[in-house]
Amino acid sequence: MPSGSTQFRYTQTPSKVLHLRNMPWESTEEELVELCKPFGRVVNTMCNVGANRNQAFVEFADQNQAISMVSYYASSSEPAQVRGKTVYIQYSNRQEITNNKGTGDSSGNVLLVTFEGVQPNDVSIDVIHLVFSAFGFVHKIATFEKAAGFQALIQYTDAPTALEAKNSLDGRSIPRYLLAQHVSICHLRITFSAHKDLNIKFQSHRSRDYTNPYLPVNPTAIEGIAQPMLGSDGKIKEPESNVLLASIENMQYAVGVDVLHTVFSSFGAVRKIAMFEKNGGMQALIQYPDITTAGVAKQALEGHCIYDGGYCKLHLSYSRHTDLNVKV
């Protein structure tokens with residue numbers, strides 16, 4: 001058997017479109033055409049496809065030209081190569097390349113974003129959400145590390161919204177004031193992902209589903225590598241939440257759920273309240289329907305004493321919870 005034959009799937013139906021895998025990072029259309037033109041006329045290409053942007057498609061004018069290329073490398077002792085990397089070739093299931101935008105991307109509602117010039121934990125998921133929400137509602141975000149570096153999948157409602165975000169942000173940099181002090185610059189490289197609907201299992205510092213408020217929170221993931229946010233004044237900004245954590249100081253009088261509900265409902269509808277003892281003191285979690293309402297209540301009630309004389313003083317912070325599991 002020829003040494004190069006393991007590159008190909010002989011059981012596939014021939015097509016004038018070939019699928020190339022293991023392409024170099026950010027390979028160009030010119031490199032793809034240069035590899036294929038000895039076998040016939042190339043009429044269309046699609047580069048930098050897939051989550052790792054290391055796949056490509058090439059369409060020949062005639063199917064026999066594609067068969068000629070596959071047959072040549074199947075019997076050759078020298079594999080197909082681009083920039084010294086062995087490229088694996090097979091027939092594509094498609095019979096033509098459609099929706100080619102000239103950049104090698106097929107548009108969709110999910111973007112693949114590569115953050116250049118930063119380490120995986122240098123850009124928080126909250127900053128990513130803030131930047132990409134400027135163009136429409138972000139449904140889901142999943143971040144991860146690959147050979148290409150720190151990346152994220154960002155899901156929008158539809159392809160036009162994703163396209164607008166891509167056209168506006170590709171090649172741009174995240175504003176400096178949104179980055180941690182030690183990060184000087186963060187460039188964005190954006191392409192379309194083949195994904196249509198991301199499967200987010202937990203809310204965490206690595207992934208978010210903004211369409212499902214009942215999705216369980218992964219406390220270990222959130223608290224393990226919590227990314228501090230910086231405000232416009234350069235000071236660390238507390239991550240916001242629709243749930244407040246209240247510590248009750250100098251508790252000389254009984255404070256129950258009813259009392260807390262009366263106090264906190266002055267600023268908006270209170271969804272849930274959970275009270276518990278911790279480190280010898282009484283604490284409570286108060287859930288509002290949104291972050292804005294929680295922020296107003298926090299600002300107004302921080303340091304407030306429920307009873308005259310400085311008794312039952314409230315100290316408030318944002319909780320990492322988003323939806324309390326209160327058993328009735």
# chains A, B, ... in the order shown; residues from 1 in each chain; ligands from 1

$ residues_around --residues "Phe132 of chain A" --least-positions-apart "4" --cutoff "10 Å" --atoms "only C-alpha atoms" --output "PyMOL selection string"
chain A and resi 127-128+136-138+154-156+162+165-166+168-169

$ residues_around --residues "Trp25 of chain A" --least-positions-apart "4" --cutoff "10 Å" --atoms "only C-alpha atoms" --output "list in words"
Cys47, Asn48, Asn52, Arg53, Asn54, Gln55, Ala147 and Ala148 of chain A

$ select_by_dssp --residues "segment 114-209 of chain A" --states "alpha helix (DSSP H)" --output "VMD selection string"
chain A and resid 125 to 132 159 to 169

$ residues_around --residues "His19 of chain A" --least-positions-apart "4" --cutoff "7 Å" --atoms "only C-alpha atoms" --output "number ranges by chain"
A: 56-58, 89-92

$ write_last_selection --atoms "N, CA and C atoms" --output "PDB file, in the first residue's frame"
ATOM      1  N   ALA A  56      -9.856  23.409   5.131  1.00  0.00           N
ATOM      2  CA  ALA A  56     -10.165  24.199   3.941  1.00  0.00           C
ATOM      3  C   ALA A  56     -10.933  23.340   2.951  1.00  0.00           C
ATOM      4  N   PHE A  57     -11.632  24.009   2.034  1.00  0.00           N
ATOM      5  CA  PHE A  57     -12.310  23.341   0.929  1.00  0.00           C
ATOM      6  C   PHE A  57     -11.846  23.998  -0.363  1.00  0.00           C
ATOM      7  N   VAL A  58     -11.724  23.184  -1.389  1.00  0.00           N
ATOM      8  CA  VAL A  58     -11.366  23.713  -2.707  1.00  0.00           C
ATOM      9  C   VAL A  58     -12.282  23.067  -3.736  1.00  0.00           C
ATOM     10  N   ILE A  89      -6.114  14.994   2.573  1.00  0.00           N
ATOM     11  CA  ILE A  89      -7.078  15.325   1.534  1.00  0.00           C
ATOM     12  C   ILE A  89      -8.119  14.218   1.410  1.00  0.00           C
ATOM     13  N   GLN A  90      -9.367  14.630   1.253  1.00  0.00           N
ATOM     14  CA  GLN A  90     -10.433  13.669   1.010  1.00  0.00           C
ATOM     15  C   GLN A  90     -11.535  14.366   0.219  1.00  0.00           C
ATOM     16  N   TYR A  91     -12.413  13.557  -0.372  1.00  0.00           N
ATOM     17  CA  TYR A  91     -13.555  14.132  -1.071  1.00  0.00           C
ATOM     18  C   TYR A  91     -14.517  14.742  -0.051  1.00  0.00           C
ATOM     19  N   SER A  92     -15.090  15.868  -0.438  1.00  0.00           N
ATOM     20  CA  SER A  92     -16.083  16.503   0.423  1.00  0.00           C
ATOM     21  C   SER A  92     -17.461  15.910   0.161  1.00  0.00           C
TER      22      SER A  92
END

$ atom_distance --atom1 "atom CA of Gly268 of chain A" --atom2 "atom CA of Thr293 of chain A"
6.2 Å

$ residues_around --residues "Asp62 of chain A" --least-positions-apart "3" --cutoff "12 Å" --atoms "only C-alpha atoms" --output "ChimeraX atom specification"
/A:14-18,39-44,58-59,65-69,95-96

$ write_last_selection --atoms "C-alpha atoms" --output "PDB file, in the first residue's frame"
ATOM      1  CA  PRO A  14     -15.991  11.490  -5.614  1.00  0.00           C
ATOM      2  CA  SER A  15     -16.793  15.186  -5.748  1.00  0.00           C
ATOM      3  CA  LYS A  16     -15.280  18.193  -7.457  1.00  0.00           C
ATOM      4  CA  VAL A  17     -14.966  19.682  -3.952  1.00  0.00           C
ATOM      5  CA  LEU A  18     -12.084  18.461  -1.799  1.00  0.00           C
ATOM      6  CA  PHE A  39      -4.390  19.330 -11.237  1.00  0.00           C
ATOM      7  CA  GLY A  40      -6.895  21.725 -12.807  1.00  0.00           C
ATOM      8  CA  ARG A  41      -8.711  25.036 -12.594  1.00  0.00           C
ATOM      9  CA  VAL A  42      -9.780  26.077  -9.110  1.00  0.00           C
ATOM     10  CA  VAL A  43     -13.109  27.937  -9.168  1.00  0.00           C
ATOM     11  CA  ASN A  44     -13.773  28.454  -5.475  1.00  0.00           C
ATOM     12  CA  VAL A  58     -11.366  23.713  -2.707  1.00  0.00           C
ATOM     13  CA  GLU A  59     -13.690  23.375  -5.689  1.00  0.00           C
ATOM     14  CA  GLN A  65      -9.575  17.279 -11.805  1.00  0.00           C
ATOM     15  CA  ALA A  66     -10.411  16.605  -8.155  1.00  0.00           C
ATOM     16  CA  ILE A  67     -10.088  12.853  -8.747  1.00  0.00           C
ATOM     17  CA  SER A  68      -6.700  13.468 -10.346  1.00  0.00           C
ATOM     18  CA  MET A  69      -5.427  15.283  -7.237  1.00  0.00           C
ATOM     19  CA  GLN A  95     -20.822  19.133  -4.482  1.00  0.00           C
ATOM     20  CA  GLU A  96     -20.072  22.846  -4.543  1.00  0.00           C
TER      21      GLU A  96
END

$ closest_residue --among "A:Ser133, A:Pro24, A:Phe60, A:Ile141" --to "Gly84 of chain A" --atoms "only C-alpha atoms"
A:Pro24

$ residues_around --residues "segment 308-312 of chain A" --least-positions-apart "4" --cutoff "6 Å" --atoms "only C-alpha atoms" --output "VMD selection string"
chain A and resid 248 to 251

$ residues_around --residues "Ser247 of chain A" --least-positions-apart "5" --cutoff "6 Å" --atoms "only C-alpha atoms" --output "PyMOL selection string"
chain A and resi 283+314-315

$ write_last_selection --atoms "N, CA, C and O atoms" --output "PDB file, in the first residue's frame"
ATOM      1  N   GLN A 283     -26.516  35.709  58.106  1.00  0.00           N
ATOM      2  CA  GLN A 283     -26.413  36.242  56.751  1.00  0.00           C
ATOM      3  C   GLN A 283     -27.655  35.872  55.963  1.00  0.00           C
ATOM      4  O   GLN A 283     -28.430  34.991  56.351  1.00  0.00           O
ATOM      5  N   LEU A 314     -26.721  46.466  58.194  1.00  0.00           N
ATOM      6  CA  LEU A 314     -26.549  45.669  56.987  1.00  0.00           C
ATOM      7  C   LEU A 314     -25.229  45.994  56.283  1.00  0.00           C
ATOM      8  O   LEU A 314     -24.897  47.164  56.095  1.00  0.00           O
ATOM      9  N   HIS A 315     -24.506  44.938  55.909  1.00  0.00           N
ATOM     10  CA  HIS A 315     -23.340  45.069  55.034  1.00  0.00           C
ATOM     11  C   HIS A 315     -23.618  44.202  53.804  1.00  0.00           C
ATOM     12  O   HIS A 315     -23.878  43.000  53.934  1.00  0.00           O
TER      13      HIS A 315
END

$ closest_residue --among "A:Val183, A:Leu32, A:Leu324, A:Ala246" --to "Pro213 of chain A" --atoms "only C-alpha atoms"
A:Leu324

$ residues_around --residues "Gln203 of chain A" --least-positions-apart "5" --cutoff "7 Å" --atoms "only C-alpha atoms" --output "PDB file with N, CA, C and O atoms, in the first residue's frame"
ATOM      1  N   ARG A 208     -21.172  30.826  29.944  1.00  0.00           N
ATOM      2  CA  ARG A 208     -22.426  31.452  30.390  1.00  0.00           C
ATOM      3  C   ARG A 208     -23.533  31.175  29.376  1.00  0.00           C
ATOM      4  O   ARG A 208     -23.305  31.174  28.171  1.00  0.00           O
ATOM      5  N   ASP A 209     -24.730  30.949  29.912  1.00  0.00           N
ATOM      6  CA  ASP A 209     -25.941  30.861  29.095  1.00  0.00           C
ATOM      7  C   ASP A 209     -26.877  31.961  29.575  1.00  0.00           C
ATOM      8  O   ASP A 209     -27.473  31.854  30.649  1.00  0.00           O
ATOM      9  N   LEU A 215     -30.082  27.646  34.970  1.00  0.00           N
ATOM     10  CA  LEU A 215     -28.936  26.755  34.793  1.00  0.00           C
ATOM     11  C   LEU A 215     -28.097  26.755  36.064  1.00  0.00           C
ATOM     12  O   LEU A 215     -27.841  27.816  36.642  1.00  0.00           O
ATOM     13  N   PRO A 216     -27.677  25.581  36.553  1.00  0.00           N
ATOM     14  CA  PRO A 216     -26.916  25.541  37.809  1.00  0.00           C
ATOM     15  C   PRO A 216     -25.574  26.254  37.698  1.00  0.00           C
ATOM     16  O   PRO A 216     -24.944  26.278  36.644  1.00  0.00           O
ATOM     17  N   VAL A 217     -25.193  26.846  38.827  1.00  0.00           N
ATOM     18  CA  VAL A 217     -23.907  27.523  38.909  1.00  0.00           C
ATOM     19  C   VAL A 217     -22.858  26.533  39.366  1.00  0.00           C
ATOM     20  O   VAL A 217     -23.111  25.702  40.238  1.00  0.00           O
ATOM     21  N   ASN A 218     -21.693  26.606  38.756  1.00  0.00           N
ATOM     22  CA  ASN A 218     -20.580  25.762  39.175  1.00  0.00           C
ATOM     23  C   ASN A 218     -19.699  26.577  40.117  1.00  0.00           C
ATOM     24  O   ASN A 218     -18.845  27.339  39.665  1.00  0.00           O
TER      25      ASN A 218
END

$ closest_residue --among "A:Gly149, A:Gly117, A:Gly108, A:Pro239" --to "Lys196 of chain A" --atoms "only C-alpha atoms"
A:Gly108

$ closest_residue --among "A:Val33, A:Ile200, A:Leu301, A:Ala74" --to "Ser265 of chain A" --atoms "only C-alpha atoms"
A:Leu301

$ atom_distance --atom1 "atom CA of Val257 of chain A" --atom2 "atom CA of Gln287 of chain A"
12.4 Å

$ select_by_dssp --residues "segment 98-174 of chain A" --states "strand (DSSP E or B)" --output "PyMOL selection string"
chain A and resi 110-116+138-146+149-156+173

$ write_last_selection --atoms "N, CA, C and O atoms" --output "CSV table (one decimal), in the first residue's frame"
chain,number,residue,atom,x,y,z
A,110,VAL,N,-22.8,31.8,15.3
A,110,VAL,CA,-21.8,31.6,16.3
A,110,VAL,C,-20.5,32.1,15.8
A,110,VAL,O,-20.0,31.7,14.7
A,111,LEU,N,-19.8,32.9,16.6
A,111,LEU,CA,-18.5,33.4,16.2
A,111,LEU,C,-17.4,32.7,17.0
A,111,LEU,O,-17.6,32.3,18.1
A,112,LEU,N,-16.3,32.4,16.3
A,112,LEU,CA,-15.1,31.9,17.0
A,112,LEU,C,-14.1,33.1,17.1
A,112,LEU,O,-13.7,33.7,16.1
A,113,VAL,N,-13.8,33.5,18.3
A,113,VAL,CA,-12.9,34.6,18.6
A,113,VAL,C,-11.6,34.2,19.2
A,113,VAL,O,-11.6,33.4,20.2
A,114,THR,N,-10.5,34.6,18.6
A,114,THR,CA,-9.2,34.4,19.2
A,114,THR,C,-8.7,35.7,19.8
A,114,THR,O,-8.7,36.8,19.1
A,115,PHE,N,-8.2,35.7,21.1
A,115,PHE,CA,-7.7,36.8,21.8
A,115,PHE,C,-6.2,36.8,21.7
A,115,PHE,O,-5.6,36.0,22.4
A,116,GLU,N,-5.6,37.7,20.9
A,116,GLU,CA,-4.2,37.7,20.7
A,116,GLU,C,-3.5,38.6,21.7
A,116,GLU,O,-4.0,39.7,22.0
A,138,VAL,N,-26.4,38.6,23.2
A,138,VAL,CA,-25.6,37.4,23.3
A,138,VAL,C,-26.3,36.3,24.0
A,138,VAL,O,-26.6,36.4,25.2
A,139,HIS,N,-26.5,35.2,23.4
A,139,HIS,CA,-27.2,34.0,24.0
A,139,HIS,C,-26.3,33.3,24.9
A,139,HIS,O,-26.6,33.0,26.1
A,140,LYS,N,-25.1,32.9,24.4
A,140,LYS,CA,-24.2,32.0,25.1
A,140,LYS,C,-22.7,32.4,24.8
A,140,LYS,O,-22.4,32.8,23.7
A,141,ILE,N,-21.9,32.1,25.8
A,141,ILE,CA,-20.4,32.2,25.6
A,141,ILE,C,-19.7,31.0,26.2
A,141,ILE,O,-20.0,30.6,27.3
A,142,ALA,N,-18.8,30.5,25.5
A,142,ALA,CA,-17.9,29.4,26.0
A,142,ALA,C,-16.5,29.7,25.7
A,142,ALA,O,-16.1,30.0,24.5
A,143,THR,N,-15.6,29.7,26.7
A,143,THR,CA,-14.2,30.1,26.5
A,143,THR,C,-13.3,28.8,26.7
A,143,THR,O,-13.7,27.9,27.4
A,144,PHE,N,-12.2,28.8,26.1
A,144,PHE,CA,-11.3,27.6,26.1
A,144,PHE,C,-9.9,28.0,25.6
A,144,PHE,O,-9.7,29.1,25.0
A,145,GLU,N,-9.0,27.1,25.8
A,145,GLU,CA,-7.6,27.3,25.3
A,145,GLU,C,-7.3,26.2,24.2
A,145,GLU,O,-7.6,25.0,24.4
A,146,LYS,N,-6.8,26.6,23.1
A,146,LYS,CA,-6.3,25.8,22.1
A,146,LYS,C,-4.9,26.1,21.7
A,146,LYS,O,-4.3,27.0,22.3
A,149,GLY,N,-4.3,29.6,21.1
A,149,GLY,CA,-4.3,30.6,22.2
A,149,GLY,C,-5.7,30.6,22.9
A,149,GLY,O,-6.5,29.6,22.8
A,150,PHE,N,-6.0,31.7,23.6
A,150,PHE,CA,-7.3,31.8,24.3
A,150,PHE,C,-8.3,32.2,23.3
A,150,PHE,O,-8.2,33.1,22.5
A,151,GLN,N,-9.4,31.4,23.3
A,151,GLN,CA,-10.5,31.5,22.3
A,151,GLN,C,-11.9,31.5,23.0
A,151,GLN,O,-12.0,31.1,24.2
A,152,ALA,N,-12.9,31.9,22.3
A,152,ALA,CA,-14.2,31.9,22.8
A,152,ALA,C,-15.2,31.7,21.6
A,152,ALA,O,-15.0,32.2,20.5
A,153,LEU,N,-16.3,31.0,21.9
A,153,LEU,CA,-17.4,30.8,21.0
A,153,LEU,C,-18.5,31.7,21.5
A,153,LEU,O,-18.9,31.7,22.7
A,154,ILE,N,-19.1,32.6,20.7
A,154,ILE,CA,-20.1,33.5,21.1
A,154,ILE,C,-21.3,33.3,20.2
A,154,ILE,O,-21.2,33.5,19.0
A,155,GLN,N,-22.4,33.0,20.8
A,155,GLN,CA,-23.6,32.7,20.1
A,155,GLN,C,-24.6,33.9,20.1
A,155,GLN,O,-25.0,34.4,21.2
A,156,TYR,N,-25.0,34.3,18.9
A,156,TYR,CA,-26.0,35.4,18.7
A,156,TYR,C,-27.4,34.7,18.3
A,156,TYR,O,-27.4,33.5,18.0
A,173,SER,N,-9.1,46.0,18.7
A,173,SER,CA,-8.6,45.7,20.1
A,173,SER,C,-9.6,46.0,21.1
A,173,SER,O,-10.4,46.9,21.0

$ closest_residue --among "A:Thr28, A:Asn199, A:Ser319, A:Ser266" --to "Leu245 of chain A" --atoms "only C-alpha atoms"
A:Ser319

$ decode --residues "segment 294-306 of chain A" --atoms "all heavy atoms" --output "CSV table (one decimal), in the first residue's frame"
chain,number,residue,atom,x,y,z
A,294,ALA,N,-30.9,45.1,42.0
A,294,ALA,CA,-30.0,44.7,43.1
A,294,ALA,C,-29.0,45.8,43.3
A,294,ALA,O,-28.7,46.1,44.5
A,294,ALA,CB,-29.3,43.4,42.7
A,295,GLY,N,-28.5,46.5,42.3
A,295,GLY,CA,-27.5,47.5,42.5
A,295,GLY,C,-28.1,48.7,43.2
A,295,GLY,O,-27.4,49.3,44.0
A,296,VAL,N,-29.3,49.1,42.9
A,296,VAL,CA,-29.9,50.2,43.5
A,296,VAL,C,-30.1,49.9,45.0
A,296,VAL,O,-29.8,50.8,45.9
A,296,VAL,CB,-31.3,50.5,42.9
A,296,VAL,CG1,-32.1,51.6,43.7
A,296,VAL,CG2,-31.1,51.0,41.4
A,297,ALA,N,-30.6,48.7,45.3
A,297,ALA,CA,-30.8,48.3,46.7
A,297,ALA,C,-29.5,48.3,47.5
A,297,ALA,O,-29.4,48.7,48.6
A,297,ALA,CB,-31.5,46.9,46.8
A,298,LYS,N,-28.5,47.8,46.8
A,298,LYS,CA,-27.1,47.7,47.5
A,298,LYS,C,-26.6,49.0,47.9
A,298,LYS,O,-26.1,49.3,49.0
A,298,LYS,CB,-26.2,46.9,46.6
A,298,LYS,CG,-24.7,46.8,47.1
A,298,LYS,CD,-23.8,46.1,46.2
A,298,LYS,CE,-22.4,45.9,46.7
A,298,LYS,NZ,-21.7,47.2,46.9
A,299,GLN,N,-26.7,50.0,46.9
A,299,GLN,CA,-26.2,51.3,47.2
A,299,GLN,C,-27.0,52.0,48.3
A,299,GLN,O,-26.4,52.7,49.1
A,299,GLN,CB,-26.3,52.1,45.9
A,299,GLN,CG,-25.7,53.5,46.0
A,299,GLN,CD,-25.6,54.3,44.7
A,299,GLN,OE1,-26.1,53.8,43.7
A,299,GLN,NE2,-25.1,55.4,44.7
A,300,ALA,N,-28.3,51.8,48.3
A,300,ALA,CA,-29.1,52.5,49.3
A,300,ALA,C,-29.1,51.9,50.7
A,300,ALA,O,-29.1,52.6,51.7
A,300,ALA,CB,-30.6,52.5,48.8
A,301,LEU,N,-28.9,50.6,50.8
A,301,LEU,CA,-29.0,49.9,52.1
A,301,LEU,C,-27.6,49.6,52.7
A,301,LEU,O,-27.6,49.1,53.8
A,301,LEU,CB,-29.8,48.6,51.9
A,301,LEU,CG,-31.3,48.8,51.6
A,301,LEU,CD1,-32.0,47.5,51.4
A,301,LEU,CD2,-32.0,49.6,52.8
A,302,GLU,N,-26.5,49.7,52.0
A,302,GLU,CA,-25.2,49.4,52.6
A,302,GLU,C,-25.0,50.3,53.8
A,302,GLU,O,-25.1,51.6,53.8
A,302,GLU,CB,-24.1,49.7,51.6
A,302,GLU,CG,-22.7,49.6,52.1
A,302,GLU,CD,-22.4,48.3,52.9
A,302,GLU,OE1,-22.9,47.3,52.4
A,302,GLU,OE2,-21.7,48.4,53.9
A,303,GLY,N,-24.8,49.7,55.0
A,303,GLY,CA,-24.6,50.4,56.2
A,303,GLY,C,-25.9,50.8,56.9
A,303,GLY,O,-25.8,51.4,58.0
A,304,HIS,N,-27.0,50.5,56.3
A,304,HIS,CA,-28.3,50.8,56.9
A,304,HIS,C,-28.6,50.0,58.1
A,304,HIS,O,-28.3,48.8,58.1
A,304,HIS,CB,-29.4,50.6,55.9
A,304,HIS,CG,-30.8,50.8,56.4
A,304,HIS,ND1,-31.3,52.0,56.7
A,304,HIS,CD2,-31.7,49.9,56.7
A,304,HIS,CE1,-32.6,51.8,57.1
A,304,HIS,NE2,-32.8,50.5,57.1
A,305,CYS,N,-29.1,50.6,59.1
A,305,CYS,CA,-29.6,49.9,60.4
A,305,CYS,C,-31.1,49.6,60.3
A,305,CYS,O,-31.8,50.6,60.2
A,305,CYS,CB,-29.2,50.7,61.6
A,305,CYS,SG,-27.4,50.9,61.8
A,306,ILE,N,-31.5,48.4,60.4
A,306,ILE,CA,-32.9,48.1,60.4
A,306,ILE,C,-33.6,48.7,61.5
A,306,ILE,O,-34.8,49.2,61.4
A,306,ILE,CB,-33.1,46.5,60.3
A,306,ILE,CG1,-32.4,45.9,59.1
A,306,ILE,CG2,-34.6,46.2,60.3
A,306,ILE,CD1,-32.5,44.4,59.0
